[in-house]
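Asks: Mind having a look at this structure? Questions to follow.
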Amino acid sequence: MSALIRLVEITDANRDAVVAVRVHPAQERFVASVEKSFVHARENPEAKPWFRAVYAGDVPVGFVMLSWDNVPGPGLHGPYFLWRLLVGAEHQGRGYGSAILDEVVALLRAAGAADLLTSYVPGEGSPEPFYRAFGFVPTGEADEDGEIILRLELGSRP
């Protein structure tokens with residue numbers, strides 16, 4: 001059973017609370033902050049960024065950002081690419097990461113997506129085991145920054 005979460009649009013009313021969600025300091029080299037994610041989204045409109053705050057009840061516990069139905073090309077993976085997934089340090093270990101992916105997968109299946117790509121920075125403490133446990137498998141590729149590309153076939157998980 002996964003944790004109960006909601007994906008919520010980010011507005012002026014909740015932006016500061018969402019930006020305040022931070023991963024554990026040891027994880028910062030593996031995932032950019034919410035604030036940096038907003039910058040990346042603004043700087044890369046061709047990636048068709050789609051992002052949401054993740055709430056448990058009335059508390060923002062995480063953030064997710066995808067490239068949504070983009071045209072793959074140089075530096076652009078897709079059409080669906082999990083660009084950012086983070087859970088606040090004090091909220092980790094409660095199933096929120098898997099619950100976020102469950103929600104995203106349901107939305108992507110409803111949109112007719114066949115698969116979801118993501119990438120990770122290799123190293124001790126990387127999110128690789130989390131993604132592999134969820135069902136992502138390496139594609140054998142790395143991006144221009146050396147991040148390992150993973151694919152999740154969306155028909156493969158109930």
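A note on labels: chains of the structure tokens are A, B, ... as shown, every chain counts residues from 1, and ligands are counted from 1 in their shown order.
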Which neighbours of His91 of chain A fall inside 10 Å, counting only C-alpha atoms, when residues of the same chain fewer than 5 positions from it are skipped, and could you give them as a list in words?

Replies: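 Residues near the query, excluding close chain neighbours: Val21, Arg22, Val23, Ala56, Pro60, Val61, Gly62, Tyr96 and Gly97 of chain A.
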
Asks: Counting only C-alpha atoms, what is within 12 Å of Val87 of chain A, bar same-chain residues fewer than 2 positions away, as number ranges by chain?

Replies: A: 5, 18-24, 27-28, 31-34, 53-56, 59-64, 84-85, 89-101, 127

Asks: Can you work out the spacing between atom CA of Gly78 of chain A and atom CA of Asp115 of chain A in Å, to one decimal?

Replies: 8.7 Å

Asks: As a count of residues only, which residues of chain A does DSSP assign to alpha helix (DSSP H)?

Replies: 37

Asks: Looking only at the backbone, which of the residues in chain A does DSSP tag as strand (DSSP E or B), as a VMD selection string?

Replies: chain A and resid 6 to 8 49 to 56 59 to 68 73 76 80 to 87 115 to 120 137 to 142 148 to 153

Asks: Mind writing the picked residues with C-alpha atoms as an mmCIF file, in the first residue's frame?

Replies:
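Saved file result08.cif follows:
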```
data_model
loop_
_atom_site.group_PDB
_atom_site.id
_atom_site.type_symbol
_atom_site.label_atom_id
_atom_site.label_comp_id
_atom_site.auth_asym_id
_atom_site.auth_seq_id
_atom_site.Cartn_x
_atom_site.Cartn_y
_atom_site.Cartn_z
ATOM 1 C CA ARG A 6 -1.859 14.492 -3.942
ATOM 2 C CA LEU A 7 -0.162 16.202 -6.876
ATOM 3 C CA VAL A 8 -0.973 19.908 -6.568
ATOM 4 C CA PRO A 49 8.113 20.946 -18.373
ATOM 5 C CA TRP A 50 5.197 19.754 -16.257
ATOM 6 C CA PHE A 51 5.588 19.983 -12.500
ATOM 7 C CA ARG A 52 3.567 19.566 -9.331
ATOM 8 C CA ALA A 53 3.996 19.880 -5.602
ATOM 9 C CA VAL A 54 3.432 16.665 -3.694
ATOM 10 C CA TYR A 55 1.213 16.976 -0.630
ATOM 11 C CA ALA A 56 0.385 14.582 2.180
ATOM 12 C CA VAL A 59 1.820 19.488 4.043
ATOM 13 C CA PRO A 60 4.091 19.750 0.990
ATOM 14 C CA VAL A 61 6.369 16.696 1.190
ATOM 15 C CA GLY A 62 7.904 16.632 -2.278
ATOM 16 C CA PHE A 63 8.142 17.807 -5.843
ATOM 17 C CA VAL A 64 7.979 16.131 -9.249
ATOM 18 C CA MET A 65 8.796 17.482 -12.710
ATOM 19 C CA LEU A 66 8.550 15.767 -16.077
ATOM 20 C CA SER A 67 9.120 16.563 -19.694
ATOM 21 C CA TRP A 68 5.593 15.919 -20.901
ATOM 22 C CA GLY A 73 16.312 15.586 -29.720
ATOM 23 C CA LEU A 76 15.969 16.142 -24.820
ATOM 24 C CA TYR A 80 8.096 11.449 -21.312
ATOM 25 C CA PHE A 81 11.051 12.029 -19.015
ATOM 26 C CA LEU A 82 11.077 12.144 -15.222
ATOM 27 C CA TRP A 83 13.229 15.219 -14.837
ATOM 28 C CA ARG A 84 12.988 15.686 -11.069
ATOM 29 C CA LEU A 85 11.642 13.690 -8.142
ATOM 30 C CA LEU A 86 12.369 14.709 -4.598
ATOM 31 C CA VAL A 87 10.961 14.039 -1.169
ATOM 32 C CA ASP A 115 7.249 4.377 -21.353
ATOM 33 C CA LEU A 116 8.890 6.807 -18.957
ATOM 34 C CA LEU A 117 12.568 7.661 -19.000
ATOM 35 C CA THR A 118 14.639 9.083 -16.172
ATOM 36 C CA SER A 119 18.301 9.440 -15.303
ATOM 37 C CA TYR A 120 20.471 9.440 -12.225
ATOM 38 C CA VAL A 137 15.852 -0.688 -16.220
ATOM 39 C CA PRO A 138 19.029 0.786 -17.732
ATOM 40 C CA THR A 139 18.825 1.605 -21.432
ATOM 41 C CA GLY A 140 22.587 1.272 -21.847
ATOM 42 C CA GLU A 141 22.825 5.006 -22.526
ATOM 43 C CA ALA A 142 24.150 7.960 -20.573
ATOM 44 C CA ILE A 148 22.624 6.898 -16.516
ATOM 45 C CA ILE A 149 19.350 6.680 -18.479
ATOM 46 C CA LEU A 150 16.646 4.309 -17.214
ATOM 47 C CA ARG A 151 13.345 3.271 -18.812
ATOM 48 C CA LEU A 152 10.093 2.107 -17.261
ATOM 49 C CA GLU A 153 7.743 0.265 -19.600
#
```
